[in-house]
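For reference, the structure discussed in these notes is given below.
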Amino acid sequence: MNYLTRHMQSGLYSLGKLSRTPFASLMTCFIIGIALALPAALFVALKNAELISGSLKQTLEMTLYLKQTATPLQVRALLSTLKKQAEIKNARAISPADGLKELQKQAGFDASLENLQNNPLPWAIIVQPSNEINSPKQFEQFSQHLQQLPLVDNVQWDILWVKRLASFITLVHRILYALAAFLSIAVLLIVNNTIRSATEQHHKEIEIIKLIGGTNAFIRRPFLYTGMTYGLLGGMIAWLLVVILVIALKNPSQHLAELYGSQFTLVGMRFDHLLILLAGSLSLGLAGSWLAVTKHLRK
Amino acid sequence: MIHLQHVSKRYTNGYLALDNISLELAPGELAFLTGHSGAGKSTLLKLIAAIEPPSHGQIKVANHHLNKLKPRHIPAFRRHIGIILQSPNLLMDRSVLDNAALPLIVAGAPYREIQSRARAVLGKMGLQNKQKCFPYELSSGEQQRVAIARAVINKPAILLADEPTGNLDPELAAETMNLFQQFNQLGMTMLIASHDLALIHKLKHRIIILSEGKL
């Protein structure tokens with residue numbers, strides 16, 4: 001009997017054992033599935049938050065206030081130079097006259113502004129950074145770079161919300177890692193406890209197999225397959241729960257996004273994410289059962 | 001085939017089960033091990049089967065020095081010996097055929113060989129019609145015969161039996177002993193622990209008497 005046949009035999013034997021107690025087996029799988037669904041759902045939420053943050057960053061603009069001495073010719077030359085830079089997606093110039101008009105529209109105190117004898121506003125250039133610049137640090141560095149240009153007097157941009165968003169995403173990342181770690185330990189313990197009960201139930205069988213020359217690997221194999229089956233089915237249930245959650249939230253989230261004038265659509269787990277989830281759950285099932293059987297064999 | 005030199009066994013609770021035993025069994029020999037309850041018969045068989053380690057002395061079985069045997073080599077050593085206990089110790093959720101074939105499955109024999117050898121050995125035991133039955137459907141005598149089939153299916157060099165007829169009526173006990181004699185005639189070295197002196201004396205083989213852990 002070759003190695004592969006032995007594994008197939010052990011796998012089929014453990015599946016047969018599980019099918020004889022379908023309710024109890026499914027209950028265990030569901031508990032594992034629910035435990036894994038929590039970090040999986042948080043992961044999906046994080047991916048969506050990253051998508052939202054990405055689209056918001058794309059709308060971030062920097063305002064370059066130029067020196068009062070800047071002439072229209074110099075402004076046009078600077079605008080042309082900026083547009084050629086890879087870090088800049090788009091740039092446009094606002095003359096002092098246009099700036100004043102905008103200010104009148106926004107501030108609502110147009111009468112007071114009309115009394116001004118001289119327009120105090122300088123030339124301004126509005127710069128939209130490229131998508132490669134997406135962290136607060138990169139924004140900071142780019143801002144400093146622009147600040148050093150000879151014609152630029154001051155650079156203004158709203159760093160606070162970018163920092164807030166980045167901090168929020170970092171926090172969610174940490175929560176996700178912690179939750180994934182805690183719930184992985186929970187899954188490990190669930191599988192460990194289930195397999196420990198199974199080894200206690202099959203104590204006599206294990207002793208007989210040892211007596212007739214069965215190796216620890218031979219004894220361990222069907223229990224490992226049982227643990228892996230629990231893990232794999234638990235992972236599939238977790239994926240299914242996340243899919244149901246995404247379907248349930250898709251329309252309400254889209255409606256909410258539309259109210260904010262956004263085209264955002266909720267995304268679910270990708271195929272590679274599913275594979276990672278299944279590989280993780282399978283590994284947890286394997287590790288949990290390995291620990292339980294090894295402990296029993298050492299008794 | 002079996003060599004014991006100055007072997008003693010003291011359990012962790014301080015009980016001295018065997019005291020300075022020296023014993024030798026030649027290849028193909030059949031010997032009965034007898035003595036009152038608690039004399040050390042089962043302990044001696046456990047030491048020979050590497051189920052328990054000796055406290056003192058040297059044990060050599062089928063060219064294996066058991067004192068030097070590493071735990072990972074014990075399964076391979078056990079495949080050279082067949083073990084029968086007083087209770088048949090069958091797996092109740094597996095058929096008679098699967099129970100008898102267990103040592104071949106464990107050894108990784110090909111499927112066809114497992115099937116043919118298991119059928120052959122069950123036929124020899126008169127259980128050819130019970131192959132698909134489960135152990136709980138058999139009488140105690142039939143269960144013990146399945147246990148014997150399981151012990152000999154691998155054609156072991158040594159067969160150790162601990163009170164194999166303890167749960168059987170006199171007729172079945174005699175039948176079982178006849179089976180052992182047949183295996184012995186095929187060259188199997190056998191050590192059978194029994195306190196059924198009448199049955200042992202009838203068979204005219206070597207008798208080893210143990211009393212309070214001593215020969």
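Labels used: A, B, ... for chains in the order of the structure tokens, numbers from 1 for residues in each chain, and numbers from 1 for ligands as shown.
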Proximity check chain A to chain B, 12 Å, nearest pairs one decimal Å, only C-alpha atoms, as a tab-separated table:
residue	atom	partner	partner_atom	distance
A:Met1	CA	B:Pro110	CA	4.5
A:Asn2	CA	B:Gly108	CA	7.5
A:Tyr3	CA	B:Gly108	CA	8.8
A:Leu4	CA	B:Gly108	CA	11.3
A:Thr5	CA	B:Gly108	CA	9.5
A:Arg6	CA	B:Gly108	CA	7.5
A:His7	CA	B:Gly108	CA	11.1
A:Gln9	CA	B:Ile105	CA	10.2
A:Ser10	CA	B:Ile105	CA	11.1
A:Tyr13	CA	B:Arg94	CA	11.4
A:Gly16	CA	B:Asp93	CA	11.7
A:Lys17	CA	B:Asp93	CA	10.3
A:Arg20	CA	B:Asp93	CA	11.5
A:His202	CA	B:Leu91	CA	9.5
A:His203	CA	B:Leu91	CA	10.9
A:Lys204	CA	B:Asn89	CA	7.9
A:Glu205	CA	B:Leu91	CA	6.4
A:Ile206	CA	B:Leu91	CA	10.0
A:Glu207	CA	B:Asn89	CA	9.4
A:Ile208	CA	B:Asn89	CA	7.1
A:Ile209	CA	B:Val106	CA	7.6
A:Lys210	CA	B:Pro75	CA	6.9
A:Leu211	CA	B:Arg78	CA	6.9
A:Ile212	CA	B:Pro103	CA	5.9
A:Gly213	CA	B:Pro75	CA	3.9
A:Gly214	CA	B:Val106	CA	5.4
A:Thr215	CA	B:Pro75	CA	5.5
A:Asn216	CA	B:Arg72	CA	8.5
A:Ala217	CA	B:Val106	CA	10.3
A:Phe218	CA	B:Val106	CA	7.1
A:Ile219	CA	B:Val106	CA	9.1
A:Arg221	CA	B:Val106	CA	11.7
A:Leu297	CA	B:Pro71	CA	11.8
A:Arg298	CA	B:Pro71	CA	11.0
(Q) Can you tell me, as a PyMOL selection string, which residues in stretch 75-127 of chain A count as helix (DSSP H, G or I) by DSSP? (A) chain A and resi 75-84+96-107+110-114
**Q.** Neighbour list for stretch 30-44 of chain B as a ChimeraX atom specification, cut-off 9 Å, only C-alpha atoms, skip fewer than 5 positions in-chain
**A.** /B:9,17-18,25,49,52,162-163,180-181,184,188-197,200,205-214
**Q.** Contact residues around B:Asp98 with only C-alpha atoms at 9 Å, ignoring same-chain residues under 2 positions, as number ranges by chain
**A.** B: 91, 94-96, 100-102, 105, 115, 118, 131-132
Keeping only N, CA, C and O atoms, write the selected residues as a compact mmCIF listing (two decimals), in the first residue's frame.
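Contents of result_22.txt, as written:
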# COMPACT_ATOMS: atom_id res chain seq x y z
N LEU B 91 -12.19 -4.63 17.85
CA LEU B 91 -12.79 -3.32 17.57
C LEU B 91 -14.25 -3.55 17.17
O LEU B 91 -14.52 -4.15 16.13
N ARG B 94 -15.81 -2.52 13.73
CA ARG B 94 -15.24 -3.04 12.48
C ARG B 94 -15.62 -4.52 12.32
O ARG B 94 -15.77 -5.23 13.31
N SER B 95 -15.72 -4.95 11.08
CA SER B 95 -16.13 -6.32 10.81
C SER B 95 -15.06 -7.31 11.26
O SER B 95 -13.92 -6.92 11.56
N VAL B 96 -15.45 -8.57 11.28
CA VAL B 96 -14.52 -9.65 11.66
C VAL B 96 -13.31 -9.63 10.72
O VAL B 96 -12.16 -9.73 11.17
N ALA B 100 -9.44 -8.99 11.86
CA ALA B 100 -8.38 -9.97 11.61
C ALA B 100 -7.27 -9.36 10.75
O ALA B 100 -6.09 -9.66 10.93
N ALA B 101 -7.67 -8.47 9.84
CA ALA B 101 -6.69 -7.88 8.91
C ALA B 101 -5.91 -6.71 9.49
O ALA B 101 -4.96 -6.23 8.85
N LEU B 102 -6.26 -6.28 10.68
CA LEU B 102 -5.67 -5.05 11.25
C LEU B 102 -4.13 -5.02 11.22
O LEU B 102 -3.55 -4.01 10.81
N ILE B 105 -3.05 -4.16 7.76
CA ILE B 105 -3.37 -2.76 7.43
C ILE B 105 -2.31 -1.85 8.05
O ILE B 105 -1.79 -0.96 7.39
N GLN B 115 -6.94 -8.72 1.88
CA GLN B 115 -8.22 -9.43 1.73
C GLN B 115 -8.00 -10.94 1.67
O GLN B 115 -8.67 -11.70 2.37
N ALA B 118 -6.57 -12.40 5.03
CA ALA B 118 -7.56 -12.34 6.11
C ALA B 118 -8.62 -13.42 5.90
O ALA B 118 -9.01 -14.11 6.85
N GLN B 131 -17.24 -13.43 8.25
CA GLN B 131 -16.34 -12.34 7.85
C GLN B 131 -16.98 -10.96 7.92
O GLN B 131 -16.33 -9.99 8.32
N LYS B 132 -18.24 -10.89 7.53
CA LYS B 132 -18.90 -9.59 7.48
C LYS B 132 -19.60 -9.21 8.79
O LYS B 132 -20.15 -8.12 8.92
Q.
So that I can check the surroundings of B:Asn63, please list as a VMD selection string every protein, DNA and RNA residue that reaches within 9 Å of it, counting only C-alpha atoms and ignoring chain neighbours fewer than 2 positions away.
A. chain B and resid 1 to 2 60 to 61 65
Q: Take atom CA of A:Leu277 and atom CA of A:Gly227 and report the distance between them in Å, one decimal.
A: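 That distance, rounded to one decimal, is 15.8 Å.
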Skipping near chain neighbours, those fewer than 6 positions away, what residues fall within 10 Å of B:Met177 using only C-alpha atoms, listed as a CSV table (one decimal) with N, CA, C and O atoms, in the first residue's frame?
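Contents of around_0.csv, freshly written:
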chain,number,residue,atom,x,y,z
B,164,PRO,N,-5.3,-17.3,27.2
B,164,PRO,CA,-6.2,-17.2,26.0
B,164,PRO,C,-7.5,-18.0,26.1
B,164,PRO,O,-8.4,-17.8,25.4
B,165,THR,N,-7.5,-19.0,27.1
B,165,THR,CA,-8.7,-19.8,27.2
B,165,THR,C,-9.4,-19.5,28.5
B,165,THR,O,-10.4,-20.2,28.9
B,183,PHE,N,-0.1,-24.1,14.9
B,183,PHE,CA,0.8,-23.0,14.6
B,183,PHE,C,2.2,-23.3,15.0
B,183,PHE,O,3.1,-23.0,14.2
B,192,ILE,N,2.7,-19.4,26.3
B,192,ILE,CA,1.3,-19.3,26.6
B,192,ILE,C,1.1,-19.3,28.1
B,192,ILE,O,1.5,-20.3,28.8
B,199,LEU,N,-5.4,-28.9,31.5
B,199,LEU,CA,-5.2,-28.7,30.0
B,199,LEU,C,-3.8,-28.7,29.6
B,199,LEU,O,-3.4,-29.3,28.6
B,200,ILE,N,-2.9,-28.0,30.4
B,200,ILE,CA,-1.5,-27.9,30.1
B,200,ILE,C,-0.8,-29.3,30.1
B,200,ILE,O,0.0,-29.6,29.2
B,203,LEU,N,-1.2,-31.6,27.1
B,203,LEU,CA,-0.5,-31.2,25.9
B,203,LEU,C,1.0,-31.6,25.8
B,203,LEU,O,1.6,-31.6,24.8
Q: Write out as a list in words the residues lying within 6 Å of A:Val127, counting only C-alpha atoms and excluding same-chain residues fewer than 2 positions away.
A: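 Final neighbour list, sorted by chain and number: Glu61, Met62, Asn90 and Ala91 of chain A.
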Next, write the just-selected residues to a file, as a short mmCIF file (atom, residue, chain, number, x, y, z; two decimals), in the first residue's frame, keeping C-alpha atoms as the atom set.
data_model
loop_
_atom_site.label_atom_id
_atom_site.label_comp_id
_atom_site.auth_asym_id
_atom_site.auth_seq_id
_atom_site.Cartn_x
_atom_site.Cartn_y
_atom_site.Cartn_z
CA GLU A 61 -5.66 69.04 -3.13
CA MET A 62 -2.79 71.28 -2.06
CA ASN A 90 -3.22 67.76 -12.04
CA ALA A 91 -2.48 71.44 -11.45
#
Q: Would you return as a PyMOL selection string the members of stretch 51-231 of chain A that DSSP assigns to strand (DSSP E) on this structure's backbone?
A: chain A and resi 62-66+88-94+124-129+152-156
**Q.** Two-atom distance - atom CA of B:Ser8, atom CA of B:Pro54 (Å)
**A.** 6.1 Å
